[in-house]
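Trainee: Below is the structure I would like to discuss, written out as structure tokens.
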Amino acid sequence: MELMMKFIEAIGIISFAISGATMGIKKKADPFGAVVLAVVTATGGGITRDIFLGRLPPASFLDTGYISTAALTGVGVFFVAKNNKHCYEKNLAILDTVNNVFDALGLGVFTAMGTYLAITCGFSRNTFFAIFIGVLTGIGGGFIRDIMLREIPFVLQKHFYALASIAGAFIFYSLYMLHIPETPSLLVSASVTFVLRMLATHYKWNIPPAI
């Protein structure tokens, strides 16, 4: 189970790191900026989650694997883009789609993981808090990334983003409380969040603004 959790976490970290670095490159960030954005996007939600749960210092500072994986991913994305600059600039629409896929994958994985950790930290009877922590873990890194890039956070304006995370967190919580094993619960929860995000993007599902 521990190895499976590490594997699932690694998928989330790499996915969000790719998303963060790609956004940085799109905004003309230098190598350092791309790496910082990769690390912040990949670990920001988890660090915020651990602070809320009282898990101090946060896991990202105790296990260097989290930050080093995100940083190496950011370096890789930057230099792939730099060495294929013409191709990169020519296919920005495709790259936006790829970035959206990785962002949705990271959202699904970290939403499920955050909900799981909230439950295992003793909050299984507090439904709201467990789901809140799951959503916070999923959206936190992207929220910080967007603020650093001086953008309106993605979660506040785009394609059913937060609602997909809430749905995934609720599904994990429900399955866990029904005594479904952790691994299938994590996979189902992450998959539902991912699929909802992809469907929302494809079909342009949005919550309409006031004006």
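The way I read the labels, and the way they are meant: chains A, B, ... in the order of the structure tokens, residue 1 as the first residue of every chain, and ligand 1 as the first ligand shown, with later ones counted on from there.
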What's around range 148-164 of chain A at 10 Å? Count only C-alpha atoms, leave out sequence neighbours fewer than 6 positions away in its own chain, and write the answer as a ChimeraX atom specification.
Mentor: /A:23-24,27,29,37,40,104,107-108,111,135-136,138-140,142,170,190,192-209
Trainee: Taking the backbone alone, and naming residues the way the document does, which bits of chain A are alpha helix (DSSP H) by DSSP, as an mmCIF file with C-alpha atoms, in the first residue's frame?
Mentor:
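Written output follows (result_2.cif):
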data_model
loop_
_atom_site.group_PDB
_atom_site.id
_atom_site.type_symbol
_atom_site.label_atom_id
_atom_site.label_comp_id
_atom_site.auth_asym_id
_atom_site.auth_seq_id
_atom_site.Cartn_x
_atom_site.Cartn_y
_atom_site.Cartn_z
ATOM 1 C CA GLU A 2 2.816 2.406 0.875
ATOM 2 C CA LEU A 3 4.527 1.786 -2.481
ATOM 3 C CA MET A 4 1.239 2.356 -4.294
ATOM 4 C CA MET A 5 0.728 5.644 -2.439
ATOM 5 C CA LYS A 6 4.227 6.785 -3.372
ATOM 6 C CA PHE A 7 3.589 5.893 -7.006
ATOM 7 C CA ILE A 8 0.284 7.781 -7.073
ATOM 8 C CA GLU A 9 1.906 10.793 -5.403
ATOM 9 C CA ALA A 10 4.733 10.738 -7.954
ATOM 10 C CA ILE A 11 2.204 10.863 -10.802
ATOM 11 C CA GLY A 12 0.562 13.892 -9.202
ATOM 12 C CA ILE A 13 3.856 15.696 -8.573
ATOM 13 C CA ILE A 14 5.146 15.167 -12.101
ATOM 14 C CA SER A 15 1.803 16.138 -13.643
ATOM 15 C CA PHE A 16 1.525 19.383 -11.681
ATOM 16 C CA ALA A 17 5.219 20.173 -12.215
ATOM 17 C CA ILE A 18 4.757 19.877 -15.983
ATOM 18 C CA SER A 19 1.715 22.127 -15.731
ATOM 19 C CA GLY A 20 3.562 24.737 -13.671
ATOM 20 C CA ALA A 21 6.662 24.774 -15.857
ATOM 21 C CA THR A 22 4.572 24.965 -19.027
ATOM 22 C CA MET A 23 2.652 27.950 -17.690
ATOM 23 C CA GLY A 24 5.928 29.625 -16.766
ATOM 24 C CA ILE A 25 7.406 29.075 -20.215
ATOM 25 C CA LYS A 26 4.258 30.480 -21.793
ATOM 26 C CA PRO A 31 14.967 28.454 -16.236
ATOM 27 C CA PHE A 32 14.835 29.431 -12.562
ATOM 28 C CA GLY A 33 11.311 30.799 -12.932
ATOM 29 C CA ALA A 34 10.113 27.674 -14.703
ATOM 30 C CA VAL A 35 11.566 25.449 -11.971
ATOM 31 C CA VAL A 36 10.096 27.581 -9.163
ATOM 32 C CA LEU A 37 6.665 27.432 -10.790
ATOM 33 C CA ALA A 38 6.997 23.681 -11.276
ATOM 34 C CA VAL A 39 7.868 23.179 -7.594
ATOM 35 C CA VAL A 40 5.197 25.554 -6.305
ATOM 36 C CA THR A 41 2.474 23.967 -8.426
ATOM 37 C CA ALA A 42 3.519 20.443 -7.443
ATOM 38 C CA THR A 43 3.986 21.005 -3.708
ATOM 39 C CA GLY A 44 1.934 24.090 -2.800
ATOM 40 C CA GLY A 45 -1.294 22.200 -2.203
ATOM 41 C CA GLY A 46 0.401 19.527 -0.116
ATOM 42 C CA ILE A 47 2.255 22.071 2.022
ATOM 43 C CA THR A 48 -0.942 24.021 2.668
ATOM 44 C CA ARG A 49 -2.761 20.769 3.498
ATOM 45 C CA ASP A 50 -0.114 19.710 6.004
ATOM 46 C CA ILE A 51 -0.281 23.100 7.752
ATOM 47 C CA PHE A 52 -4.063 22.737 8.147
ATOM 48 C CA LEU A 53 -3.644 19.173 9.444
ATOM 49 C CA ALA A 59 6.085 16.426 4.168
ATOM 50 C CA SER A 60 7.662 18.281 1.214
ATOM 51 C CA PHE A 61 10.393 19.577 3.556
ATOM 52 C CA LEU A 62 11.029 16.234 5.232
ATOM 53 C CA THR A 64 13.461 15.821 -0.531
ATOM 54 C CA GLY A 65 12.029 13.528 -3.186
ATOM 55 C CA TYR A 66 8.966 15.747 -3.578
ATOM 56 C CA ILE A 67 10.814 18.969 -4.376
ATOM 57 C CA SER A 68 13.649 17.321 -6.320
ATOM 58 C CA THR A 69 11.192 15.417 -8.546
ATOM 59 C CA ALA A 70 9.248 18.596 -9.271
ATOM 60 C CA ALA A 71 12.439 20.597 -9.891
ATOM 61 C CA LEU A 72 13.932 18.013 -12.253
ATOM 62 C CA THR A 73 10.644 17.849 -14.125
ATOM 63 C CA GLY A 74 10.645 21.636 -14.463
ATOM 64 C CA VAL A 75 14.222 21.625 -15.783
ATOM 65 C CA GLY A 76 13.329 18.924 -18.288
ATOM 66 C CA VAL A 77 10.255 20.768 -19.559
ATOM 67 C CA PHE A 78 12.188 24.042 -19.907
ATOM 68 C CA PHE A 79 15.032 22.584 -21.933
ATOM 69 C CA VAL A 80 12.748 20.491 -24.117
ATOM 70 C CA ALA A 81 10.884 23.706 -24.952
ATOM 71 C CA LYS A 82 14.106 25.678 -25.453
ATOM 72 C CA ASN A 83 15.662 23.093 -27.763
ATOM 73 C CA LYS A 85 11.510 26.514 -29.737
ATOM 74 C CA HIS A 86 10.102 26.705 -33.258
ATOM 75 C CA CYS A 87 7.996 23.584 -32.804
ATOM 76 C CA TYR A 88 6.876 24.795 -29.369
ATOM 77 C CA GLU A 89 5.709 28.189 -30.632
ATOM 78 C CA LYS A 90 4.022 26.643 -33.659
ATOM 79 C CA LEU A 92 0.812 26.398 -28.647
ATOM 80 C CA ALA A 93 -2.818 25.274 -28.942
ATOM 81 C CA ILE A 94 -1.791 21.611 -28.750
ATOM 82 C CA LEU A 95 0.518 22.359 -25.841
ATOM 83 C CA ASP A 96 -2.315 24.105 -23.997
ATOM 84 C CA THR A 97 -4.352 20.921 -24.384
ATOM 85 C CA VAL A 98 -1.468 18.774 -23.130
ATOM 86 C CA ASN A 99 -0.962 21.137 -20.187
ATOM 87 C CA ASN A 100 -4.665 20.905 -19.367
ATOM 88 C CA VAL A 101 -4.462 17.098 -19.340
ATOM 89 C CA PHE A 102 -1.538 17.095 -16.903
ATOM 90 C CA ASP A 103 -3.222 19.728 -14.737
ATOM 91 C CA ALA A 104 -6.406 17.626 -14.588
ATOM 92 C CA LEU A 105 -4.402 14.508 -13.732
ATOM 93 C CA GLY A 106 -2.613 16.319 -10.905
ATOM 94 C CA LEU A 107 -5.923 17.705 -9.670
ATOM 95 C CA GLY A 108 -7.464 14.239 -9.511
ATOM 96 C CA VAL A 109 -4.515 12.597 -7.768
ATOM 97 C CA PHE A 110 -3.998 15.266 -5.131
ATOM 98 C CA THR A 111 -7.700 15.690 -4.405
ATOM 99 C CA ALA A 112 -7.953 11.982 -3.615
ATOM 100 C CA MET A 113 -4.691 11.951 -1.632
ATOM 101 C CA GLY A 114 -5.659 15.005 0.396
ATOM 102 C CA THR A 115 -9.013 13.506 1.355
ATOM 103 C CA TYR A 116 -7.302 10.249 2.321
ATOM 104 C CA LEU A 117 -4.790 12.036 4.557
ATOM 105 C CA ALA A 118 -7.502 14.086 6.247
ATOM 106 C CA THR A 127 -17.222 15.245 6.309
ATOM 107 C CA PHE A 128 -16.866 18.921 5.432
ATOM 108 C CA PHE A 129 -13.289 19.196 6.672
ATOM 109 C CA ALA A 130 -12.157 15.989 4.956
ATOM 110 C CA ILE A 131 -13.565 17.136 1.613
ATOM 111 C CA PHE A 132 -12.224 20.654 2.154
ATOM 112 C CA ILE A 133 -8.710 19.300 2.716
ATOM 113 C CA GLY A 134 -8.997 17.150 -0.408
ATOM 114 C CA VAL A 135 -10.023 20.123 -2.531
ATOM 115 C CA LEU A 136 -7.379 22.361 -0.938
ATOM 116 C CA THR A 137 -4.689 19.802 -1.758
ATOM 117 C CA GLY A 138 -5.909 19.577 -5.340
ATOM 118 C CA ILE A 139 -6.234 23.278 -6.121
ATOM 119 C CA GLY A 140 -3.687 24.850 -3.761
ATOM 120 C CA GLY A 141 -0.578 24.599 -5.928
ATOM 121 C CA GLY A 142 -2.311 25.907 -9.040
ATOM 122 C CA PHE A 143 -3.858 28.731 -7.030
ATOM 123 C CA ILE A 144 -0.438 29.886 -5.807
ATOM 124 C CA ARG A 145 1.047 29.466 -9.311
ATOM 125 C CA ASP A 146 -1.602 31.682 -10.879
ATOM 126 C CA ILE A 147 -1.153 34.392 -8.255
ATOM 127 C CA MET A 148 2.615 34.367 -8.893
ATOM 128 C CA TYR A 161 -12.501 23.141 -11.964
ATOM 129 C CA ALA A 162 -13.369 23.311 -8.269
ATOM 130 C CA LEU A 163 -16.585 21.327 -8.703
ATOM 131 C CA ALA A 164 -14.657 18.458 -10.293
ATOM 132 C CA SER A 165 -12.335 18.431 -7.278
ATOM 133 C CA ILE A 166 -15.256 18.542 -4.839
ATOM 134 C CA ALA A 167 -16.887 15.610 -6.642
ATOM 135 C CA GLY A 168 -13.673 13.574 -6.489
ATOM 136 C CA ALA A 169 -13.168 14.309 -2.793
ATOM 137 C CA PHE A 170 -16.773 13.391 -1.988
ATOM 138 C CA ILE A 171 -16.494 10.120 -3.908
ATOM 139 C CA PHE A 172 -13.292 9.125 -2.097
ATOM 140 C CA TYR A 173 -14.814 9.988 1.277
ATOM 141 C CA SER A 174 -17.961 8.001 0.488
ATOM 142 C CA LEU A 175 -16.064 4.944 -0.739
ATOM 143 C CA TYR A 176 -13.722 5.005 2.243
ATOM 144 C CA MET A 177 -16.617 5.250 4.689
ATOM 145 C CA GLU A 182 -7.832 2.624 -0.154
ATOM 146 C CA THR A 183 -6.212 1.869 -3.519
ATOM 147 C CA PRO A 184 -9.402 1.387 -5.574
ATOM 148 C CA SER A 185 -10.974 4.342 -3.746
ATOM 149 C CA LEU A 186 -8.027 6.548 -4.707
ATOM 150 C CA LEU A 187 -8.103 5.384 -8.323
ATOM 151 C CA VAL A 188 -11.867 5.862 -8.685
ATOM 152 C CA SER A 189 -11.776 9.298 -7.049
ATOM 153 C CA ALA A 190 -8.846 10.536 -9.142
ATOM 154 C CA SER A 191 -10.403 9.143 -12.314
ATOM 155 C CA VAL A 192 -13.752 10.852 -11.706
ATOM 156 C CA THR A 193 -12.078 14.221 -11.105
ATOM 157 C CA PHE A 194 -9.922 13.803 -14.216
ATOM 158 C CA VAL A 195 -12.824 12.764 -16.446
ATOM 159 C CA LEU A 196 -15.034 15.614 -15.215
ATOM 160 C CA ARG A 197 -12.266 18.118 -15.955
ATOM 161 C CA MET A 198 -11.742 16.717 -19.442
ATOM 162 C CA LEU A 199 -15.467 16.686 -20.185
ATOM 163 C CA ALA A 200 -15.827 20.239 -18.866
ATOM 164 C CA THR A 201 -13.010 21.403 -21.127
ATOM 165 C CA HIS A 202 -14.332 19.577 -24.182
ATOM 166 C CA TYR A 203 -17.950 20.643 -23.776
#
Trainee: Quick one: pull the distance between CA of Arg125 in chain A and CA of Leu56 in chain A, Å, one decimal.
Mentor: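 So the answer is 22.5 Å.
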